[in-house]
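What follows is a set of notes on a single structure, which appears directly below.
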Protein chains: 2
Amino acid sequence: MNEKVRRIEPRRLKGFRDLSGDVVSARERMIAAVRAVYERYGFTPLETPALEFVDCLGKFLPESDQPDAGVFSFRDEDEAWVALRYDLTAPLSRYVAMNLNDLPMPFRRYQVGPVWRVEKPGPGRFREFYQFDFDTVGSASMLADAEACMIMSETLEALGIARGDYIIRVNNRKVLNGVLERVARGDADGGGALDPAAALAILRSIDKLDKVGIEGVEQLLGRGRKDESGAFIKGIELLPEQIRLVRDYLEIRSDSRTGLLSALTGLVEASTVGREGLDELRQIDEALTAGGFSADRVTFDSTVVRGLEYYTGPVFEGALTFEIKDDDGQVRQFGSVFGGGRYDELVKRFLGREIPATGASIGVDRLLSALTHLGKVSTRTATAPVLVTRLDKTLTAEYQRIASELRDAGINAELYVGTQNIGKQFQYASRSGKVACIVMGSDELGRGEVSIKDLRLGEELSKDVGEDRKRWLEQQPAQATVPRTQLVEHVRGLLRKWG
Amino acid sequence: MNEKVRRIEPRRLKGFRDLSGDVVSARERMIAAVRAVYERYGFTPLETPALEFVDCLGKFLPESDQPDAGVFSFRDEDEAWVALRYDLTAPLSRYVAMNLNDLPMPFRRYQVGPVWRVEKPGPGRFREFYQFDFDTVGSASMLADAEACMIMSETLEALGIARGDYIIRVNNRKVLNGVLERVARGDADGGGALDPAAALAILRSIDKLDKVGIEGVEQLLGRGRKDESGAFIKGIELLPEQIRLVRDYLEIRSDSRTGLLSALTGLVEASTVGREGLDELRQIDEALTAGGFSADRVTFDSTVVRGLEYYTGPVFEGALTFEIKDDDGQVRQFGSVFGGGRYDELVKRFLGREIPATGASIGVDRLLSALTHLGKVSTRTATAPVLVTRLDKTLTAEYQRIASELRDAGINAELYVGTQNIGKQFQYASRSGKVACIVMGSDELGRGEVSIKDLRLGEELSKDVGEDRKRWLEQQPAQATVPRTQLVEHVRGLLRKWG
């Protein structure tokens with residue numbers, strides 16, 4: 001086989017995407033809006049490499065119970081194992097450990113960028129996706145956690161998501177641990193902490209509440225449960241009275257933050273760690289109230305776990321509460337787009353001592369798809385709304401001047417640089433989302449005139465429309481010829497009309 | 001050895017960097033300015049994955065004669081060879097080949113992002129670095145190439161680089177090929193094209209002109225040359241009359257584009273491809289002239305080669321001509337920050353037929369370092385210039401209100417969320433580049449007042465200053481106490497003063 005003439009098939013890795021102009025532009029605008037909120041609170045950017053040593057990343061993948069989960073890793077030329085980062089928190093902890101003496105503390109940074117995971121690709125599930133994190137490292141104060149919740153709330157509102165269409169839910173892993181202590185005792189005296197693996201298994205089951213409902217959680221805590229595919233998931237075999245305790249806990253609800261704290265008190269006050277957790281939530285409530293963040297923006301919710309092993313205190317998530325139809329046509333809430341919490345132990349693996357840290361992360365792609373659904377980002381955007389066509393290629397110098405004139409007036413304008421005829425040029429303009437075409441032949445040039453084609457109106461005209469609308473359309477010709485001196489003004493009018 | 005208690009050493013891969021806030025912010029502003037120019041001309045964004053199949057990337061690394069050059073590649077879970085992209089052009093050609101029927105043509109996209117190369121790390125030489133490309137695919141018109149040069153010029157000016165401090169240099173590989181044909185003939189009749197490897201070796205030698213000078217190029221074309229380290233680089237053993245032809249060609253200079261074209265005519269008019277190249281340059285000159293881009297912005301330069309094998313027609317580079325001292329203390333021009341050209345064959349490896357394409361790429365890190373050198377980007381920027389301190393932690397709710405007040409007035413303000421005393425809080429403010437601290441105790445709160453500490457003035461005061469300056473400083477106290485109602489106004493004044 002001759003290598004030279006063999007054609008290569010153009011293809012992309014599974015789970016990876018090419019993102020086209022409208023998506024990239026929309027994401028860019030979203031990122032700019034989020035960045036503005038993070039910066040308003042004093043976070044500064046940081047950028048760490050895509051590649052890290054595997055041992056420096058650690059093993060904190062949230063879904064590590066999933067067989068396909070993993071990282072893209074390989075040996076570098078020195079035979080060391082390196083990997084593409086799977087989140088932005090692990091590199092942050094590596095950075096803090098390397099620069100501890102040079103960083104102002106608390107160190108507050110944001111970072112946005114792609115992360116990579118070897119996951120089974122599926123709808124809305126990719127192997128390369130963006131995260132946008134902010135974290136406060138070096139403060140044990142609950143003020144930092146409360147502020148994280150406020151920032152999540154402000155961020156969603158800055159993106160145009162109305163109050164009521166989202167909610168920030170807060171819980172505390174210490175409260176959960178208090179409940180787990182009680183589960184370990186089986187509500188009797190004696191007992192104490194569960195072993196960490198058992199505790200984690202219970203938390204994982206609780207974390208599935210959204211997906212499987214309260215009965216599903218009870219099954220997972222007991223004998224086990226059949227999932228939709230019919231596969232049997234083995235349970236963790238708790239005793240019925242232990243399961244009842246978890247159920248009692250999960251059913252605690254309150255519309256007010258202080259109400260939830262009161263309701264929880266009876267269940268966890270016997271546990272030192274549980275009391276600590278309640279006290280932390282109390283401090284968070286105070287700061288939220290002082291900041292003017294009422295329970296319709298930030299609420300306390302005992303069912304929030306956040307699957308990650310590394311959270312040690314408050315955990316929070318920002319969920320979108322409006323409903324959508326999922327791929328199976330089922331109506332459900334859009335769900336979580338923002339998640340975070342306190343993770344005081346992440347730098348410990350490097351330094352041997354804890355550095356308190358708290359923060360949150362946006363799932364950028366999910367949030368962008370939510371904004372698209374809500375119509376908060378425009379999907380039809382040509383970066384330059386005007387195409388200056390080249391009807392007569394010998395007049396190219398004139399066309400260049402027209403393009404410059406528009407650009408100098410602040411209107412992004414593309415000069416057609418292809419070689420096709422005018423009909424194809426109009427097609428090109430439509431396909432690339434332009435609003436207007438400028439057309440000029442030698443006659444018009446001689447008369448000092450120029451024609452402007454209204455592409456959107458042209459599209460309307462070619463649709464089947466009712467009589468009234470038809471009359472309206474007929475009064476507005478899809479092409480106007482104006483003196484060259486009125487070009488900019490006329491184009492501005494069109495852009496306003498269709499903007 | 002117990003794995004659990006072993007501490008991991010925090011470390012970074014060689015050739016990779018962590019970029020801190022000031023650098024990331026400056027780069028972000030630079031990218032926004034460049035993007036605005038690209039969009040003004042109608043380019044739209046595209047984002048391709050970091051990982052690609054190795055065979056889809058092809059082997060177009062510019063420095064493939066360098067033994068360390070290469071890509072980060074590994075086998076994925078299906079045993080396919082994949083690699084981190086080493087530039088943004090190879091993924092573009094893969095994308096175009098995959099979407100040919102759905103893309104408006106000419107397809108004009110820009111892309112910005114990191115690329116990765118296994119290069120020997122050194123000063124200013126990294127294994128992960130940013131590129132910012134724009135390309136026009138699907139047009140054979142020289143208008144697209146001329147426009148690329150105009151965009152390079154406008155981009156550098158948009159970044160604040162004055163006319164005269166930069167130059168866009170244009171050449172044509174077809175002209176070079178015309179010269180090479182003549183070299184092959186040794187100025188005699190007969191002969192014809194050189195074999196591609198020999199032609200490439202000559203181009204590579206010419207490409208080193210900047211580094212080794214004309215004598216160095218002659219040595220490389222002849223017997224060979226000792227480099228600075230004393231190592232002997234074998235030459236390509238051309239005959240003296242062949243070397244003289246190359247030297248004659250390289251010595252052709254003109255301040256005007258048409259002047260250079262005239263001077264070149266005699267040397268290449270006997271070659272078909274050479275004449276074609278001259279004609280293309282002539283068309284580029286016309287478009288540049290019509291666009292108002294004179295030779296002080298875009299010049300023709302017969303010494304420009306651009307090392308990449310894949311260029312097939314016009315090649316161009318944007319160079320900064322102001323002088324800097326390099327690491328050895330030698331004064332030299334800053335050099336190339338922008339490079340590009342026409343590459344009509346890059347999609348061919350997928351489709352078997354040529355798709356004309358032309359474009360250019362910014363070396364983002366090099367350009368950013370040039371802007372920093374010129375003082376065109378600020379390096380001392382706190383994203384939030386104000387720190388609201390917490391002198392008395394029981395007054396936290398009041399401090400939160402002050403921070404909100406400032407933010408609502410459009411002033412980014414950080415609330416101190418750490419647990420340290422006020423002295424450490426001031427240190428923190430200084431280290432993180434703040435301009436002002438807000439301080440309030442219970443007495444001030446009672447009087448409805450607030451104190452504002454001017455950190456920059458505080459720094460001035462602590463320096464050794466002359467008498468005049470000392471008096472001036474004494475008249476401006478570094479801390480002012482004002483009614484709470486005047487807080488925003490006073491802070492604004494400080495920001496203006498030090499902005």
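Every chain in the structure tokens has a letter given in the order shown (A, B, ...), and although residue numbers restart at 1 in each chain, ligands are simply numbered from 1 in the order shown.
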
Within 6 Å of chain A, which residues of chain B show up? Give each one with its shortest atom-to-atom distance in Å (one decimal) and the two atoms involved, counting only C-alpha atoms, rows by chain then rising residue number, as JSON lines.
{"residue": "B:Arg7", "atom": "CA", "partner": "A:Phe350", "partner_atom": "CA", "distance": 5.3}
{"residue": "B:Ile8", "atom": "CA", "partner": "A:Phe350", "partner_atom": "CA", "distance": 4.9}
{"residue": "B:Glu9", "atom": "CA", "partner": "A:Phe350", "partner_atom": "CA", "distance": 5.8}
{"residue": "B:Pro10", "atom": "CA", "partner": "A:Arg94", "partner_atom": "CA", "distance": 5.4}
{"residue": "B:Asp18", "atom": "CA", "partner": "A:Thr48", "partner_atom": "CA", "distance": 4.6}
{"residue": "B:Leu19", "atom": "CA", "partner": "A:Glu47", "partner_atom": "CA", "distance": 4.9}
{"residue": "B:Ser20", "atom": "CA", "partner": "A:Leu46", "partner_atom": "CA", "distance": 4.9}
{"residue": "B:Gly21", "atom": "CA", "partner": "A:Pro45", "partner_atom": "CA", "distance": 4.5}
{"residue": "B:Glu39", "atom": "CA", "partner": "A:Thr383", "partner_atom": "CA", "distance": 5.5}
{"residue": "B:Arg40", "atom": "CA", "partner": "A:Asn412", "partner_atom": "CA", "distance": 4.1}
{"residue": "B:Tyr41", "atom": "CA", "partner": "A:Glu414", "partner_atom": "CA", "distance": 4.9}
{"residue": "B:Gly42", "atom": "CA", "partner": "A:Glu414", "partner_atom": "CA", "distance": 4.6}
{"residue": "B:Thr44", "atom": "CA", "partner": "A:Gly21", "partner_atom": "CA", "distance": 5.3}
{"residue": "B:Pro45", "atom": "CA", "partner": "A:Gly21", "partner_atom": "CA", "distance": 4.5}
{"residue": "B:Leu46", "atom": "CA", "partner": "A:Ser20", "partner_atom": "CA", "distance": 4.9}
{"residue": "B:Glu47", "atom": "CA", "partner": "A:Leu19", "partner_atom": "CA", "distance": 4.9}
{"residue": "B:Thr48", "atom": "CA", "partner": "A:Asp18", "partner_atom": "CA", "distance": 4.6}
{"residue": "B:Arg94", "atom": "CA", "partner": "A:Pro10", "partner_atom": "CA", "distance": 5.4}
{"residue": "B:Met98", "atom": "CA", "partner": "A:Pro10", "partner_atom": "CA", "distance": 5.7}
{"residue": "B:Pro104", "atom": "CA", "partner": "A:Tyr428", "partner_atom": "CA", "distance": 5.6}
{"residue": "B:Pro106", "atom": "CA", "partner": "A:Gly418", "partner_atom": "CA", "distance": 5.8}
{"residue": "B:Ser139", "atom": "CA", "partner": "A:Gly418", "partner_atom": "CA", "distance": 4.7}
{"residue": "B:Leu143", "atom": "CA", "partner": "A:Val417", "partner_atom": "CA", "distance": 5.9}
{"residue": "B:Ala144", "atom": "CA", "partner": "A:Val417", "partner_atom": "CA", "distance": 5.6}
{"residue": "B:Ala290", "atom": "CA", "partner": "A:Ala397", "partner_atom": "CA", "distance": 5.1}
{"residue": "B:Arg349", "atom": "CA", "partner": "A:Arg7", "partner_atom": "CA", "distance": 5.7}
{"residue": "B:Phe350", "atom": "CA", "partner": "A:Ile8", "partner_atom": "CA", "distance": 4.9}
{"residue": "B:Thr383", "atom": "CA", "partner": "A:Glu39", "partner_atom": "CA", "distance": 5.5}
{"residue": "B:Ala384", "atom": "CA", "partner": "A:Gly42", "partner_atom": "CA", "distance": 4.6}
{"residue": "B:Ala397", "atom": "CA", "partner": "A:Ala290", "partner_atom": "CA", "distance": 5.1}
{"residue": "B:Asn412", "atom": "CA", "partner": "A:Arg40", "partner_atom": "CA", "distance": 4.1}
{"residue": "B:Ala413", "atom": "CA", "partner": "A:Tyr41", "partner_atom": "CA", "distance": 5.7}
{"residue": "B:Glu414", "atom": "CA", "partner": "A:Gly42", "partner_atom": "CA", "distance": 4.6}
{"residue": "B:Val417", "atom": "CA", "partner": "A:Ala144", "partner_atom": "CA", "distance": 5.6}
{"residue": "B:Gly418", "atom": "CA", "partner": "A:Ser139", "partner_atom": "CA", "distance": 4.7}
{"residue": "B:Tyr428", "atom": "CA", "partner": "A:Pro104", "partner_atom": "CA", "distance": 5.6}
{"residue": "B:Arg431", "atom": "CA", "partner": "A:Pro104", "partner_atom": "CA", "distance": 5.9}

Residues near Val217 of chain A, cut-off 12 Å, only C-alpha atoms, skip fewer than 2 positions along chain, as a tab-separated table (two decimals) with N, CA and C atoms, in the first residue's frame:
chain	number	residue	atom	x	y	z
A	201	ALA	N	-20.74	5.20	51.32
A	201	ALA	CA	-21.77	4.47	50.59
A	201	ALA	C	-23.15	5.05	50.89
A	202	ILE	N	-23.40	5.38	52.15
A	202	ILE	CA	-24.69	5.98	52.51
A	202	ILE	C	-24.86	7.33	51.82
A	203	LEU	N	-23.80	8.14	51.87
A	203	LEU	CA	-23.87	9.46	51.22
A	203	LEU	C	-24.15	9.32	49.73
A	204	ARG	N	-23.50	8.35	49.11
A	204	ARG	CA	-23.71	8.14	47.67
A	204	ARG	C	-25.17	7.79	47.39
A	205	SER	N	-25.74	6.98	48.26
A	205	SER	CA	-27.15	6.60	48.08
A	205	SER	C	-28.05	7.82	48.22
A	206	ILE	N	-27.78	8.63	49.25
A	206	ILE	CA	-28.59	9.84	49.45
A	206	ILE	C	-28.46	10.76	48.24
A	207	ASP	N	-27.24	10.82	47.69
A	207	ASP	CA	-26.96	11.70	46.55
A	207	ASP	C	-27.80	11.32	45.33
A	208	LYS	N	-28.33	10.09	45.33
A	208	LYS	CA	-29.12	9.63	44.18
A	208	LYS	C	-30.61	9.96	44.33
A	209	LEU	N	-30.96	10.64	45.44
A	209	LEU	CA	-32.36	10.94	45.73
A	209	LEU	C	-33.11	11.52	44.53
A	210	ASP	N	-32.48	12.52	43.88
A	210	ASP	CA	-33.10	13.17	42.73
A	210	ASP	C	-33.49	12.16	41.66
A	211	LYS	N	-32.59	11.22	41.43
A	211	LYS	CA	-32.80	10.27	40.33
A	211	LYS	C	-33.78	9.17	40.69
A	212	VAL	N	-33.65	8.64	41.92
A	212	VAL	CA	-34.38	7.40	42.22
A	212	VAL	C	-35.52	7.59	43.22
A	213	GLY	N	-35.65	8.79	43.79
A	213	GLY	CA	-36.72	9.04	44.76
A	213	GLY	C	-36.42	8.42	46.11
A	214	ILE	N	-37.27	8.74	47.08
A	214	ILE	CA	-37.01	8.31	48.45
A	214	ILE	C	-37.08	6.79	48.58
A	215	GLU	N	-38.01	6.16	47.84
A	215	GLU	CA	-38.08	4.69	47.92
A	215	GLU	C	-36.82	4.06	47.34
A	219	GLN	N	-34.22	1.50	49.13
A	219	GLN	CA	-33.77	0.22	48.56
A	219	GLN	C	-32.25	0.13	48.51
A	220	LEU	N	-31.61	1.26	48.08
A	220	LEU	CA	-30.14	1.26	47.99
A	220	LEU	C	-29.51	1.10	49.37
A	221	LEU	N	-30.17	1.65	50.38
A	221	LEU	CA	-29.64	1.52	51.75
A	221	LEU	C	-29.91	0.12	52.29
A	222	GLY	N	-30.90	-0.58	51.73
A	222	GLY	CA	-31.26	-1.91	52.22
A	222	GLY	C	-30.72	-3.00	51.31
A	223	ARG	N	-31.64	-3.77	50.71
A	223	ARG	CA	-31.24	-4.95	49.94
A	223	ARG	C	-30.66	-4.61	48.58
A	224	GLY	N	-31.14	-3.50	48.00
A	224	GLY	CA	-30.66	-3.15	46.66
A	224	GLY	C	-31.83	-2.80	45.77
A	225	ARG	N	-31.55	-2.52	44.51
A	225	ARG	CA	-32.61	-1.97	43.65
A	225	ARG	C	-32.30	-2.26	42.19
A	226	LYS	N	-33.38	-2.50	41.43
A	226	LYS	CA	-33.26	-2.67	39.98
A	226	LYS	C	-33.27	-1.30	39.32
A	227	ASP	N	-32.33	-1.02	38.45
A	227	ASP	CA	-32.40	0.27	37.75
A	227	ASP	C	-33.24	0.12	36.48
A	233	ILE	N	-28.73	-3.29	41.35
A	233	ILE	CA	-27.66	-2.61	42.08
A	233	ILE	C	-27.73	-3.11	43.52
A	234	LYS	N	-26.65	-3.73	43.97
A	234	LYS	CA	-26.63	-4.29	45.32
A	234	LYS	C	-26.77	-3.17	46.36
A	235	GLY	N	-27.54	-3.40	47.39
A	235	GLY	CA	-27.72	-2.41	48.45
A	235	GLY	C	-26.63	-2.52	49.50
A	236	ILE	N	-26.68	-1.60	50.50
A	236	ILE	CA	-25.61	-1.65	51.50
A	236	ILE	C	-26.08	-2.30	52.80
A	237	GLU	N	-27.29	-2.89	52.75
A	237	GLU	CA	-27.76	-3.79	53.81
A	237	GLU	C	-27.81	-3.15	55.20
A	238	LEU	N	-28.32	-1.92	55.29
A	238	LEU	CA	-28.57	-1.34	56.61
A	238	LEU	C	-29.79	-2.01	57.24
A	243	ILE	N	-32.32	2.62	58.30
A	243	ILE	CA	-32.89	3.21	57.09
A	243	ILE	C	-33.94	4.26	57.46
A	244	ARG	N	-34.75	3.95	58.51
A	244	ARG	CA	-35.79	4.87	58.92
A	244	ARG	C	-35.19	6.22	59.37
A	246	VAL	N	-32.42	7.59	58.31
A	246	VAL	CA	-32.03	8.34	57.11
A	246	VAL	C	-33.26	8.96	56.46
A	247	ARG	N	-34.34	8.16	56.41
A	247	ARG	CA	-35.57	8.66	55.80
A	247	ARG	C	-36.13	9.86	56.57
A	250	LEU	N	-34.08	12.83	55.68
A	250	LEU	CA	-34.30	13.34	54.32
A	250	LEU	C	-35.65	14.03	54.18
A	303	THR	N	-31.08	17.41	51.90
A	303	THR	CA	-30.83	16.31	50.96
A	303	THR	C	-29.60	16.54	50.08

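Between atom CA of Arg182 of chain A and atom CA of Leu194 of chain A there is a distance of 9.1 Å.
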
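Every protein, DNA or RNA residue with an atom at most 10 Å from Ala26 of chain A, where only C-alpha atoms count and chain neighbours fewer than 3 positions away do not, is listed here: Gly21, Asp22, Val23, Arg29, Met30, Ile31, Ala32, Leu368, Leu371, Thr372, Lys376, Val377, Ser378, Thr379, Arg380 and Thr381 of chain A.
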
Legend entry - DSSP strand (DSSP E or B) selection over segment 17-146 of chain A, as a ChimeraX atom specification: /A:19,44-45,47,51-53,73-75,81-84,107-116,122,125,128-137

Inset, instruction - Using only C-alpha atoms, determine which residues lie at most 12 Å from segment 263-275 of chain B, disregarding the query and same-chain residues fewer than 5 positions distant; provide the list as a ChimeraX atom specification. - result: /B:171-185,187-193,245-258,280-282,300-303,312-314

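You can rank B:Val364, B:Phe426, B:Gly341, B:Arg163 by their closest distance to Glu459 of chain B using only C-alpha atoms, and at the top of that list sits B:Phe426.
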
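Each of A:Ala158, A:Val337, A:Val71, A:Leu260 was compared to Arg117 of chain A using only C-alpha atoms, and A:Val71 turns out to be the nearest.
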
Inset, instruction - Could you please determine the separation between atom CA of Thr389 of chain B and atom CA of Gly458 of chain B in Å, to one decimal place? - result: 16.3 Å
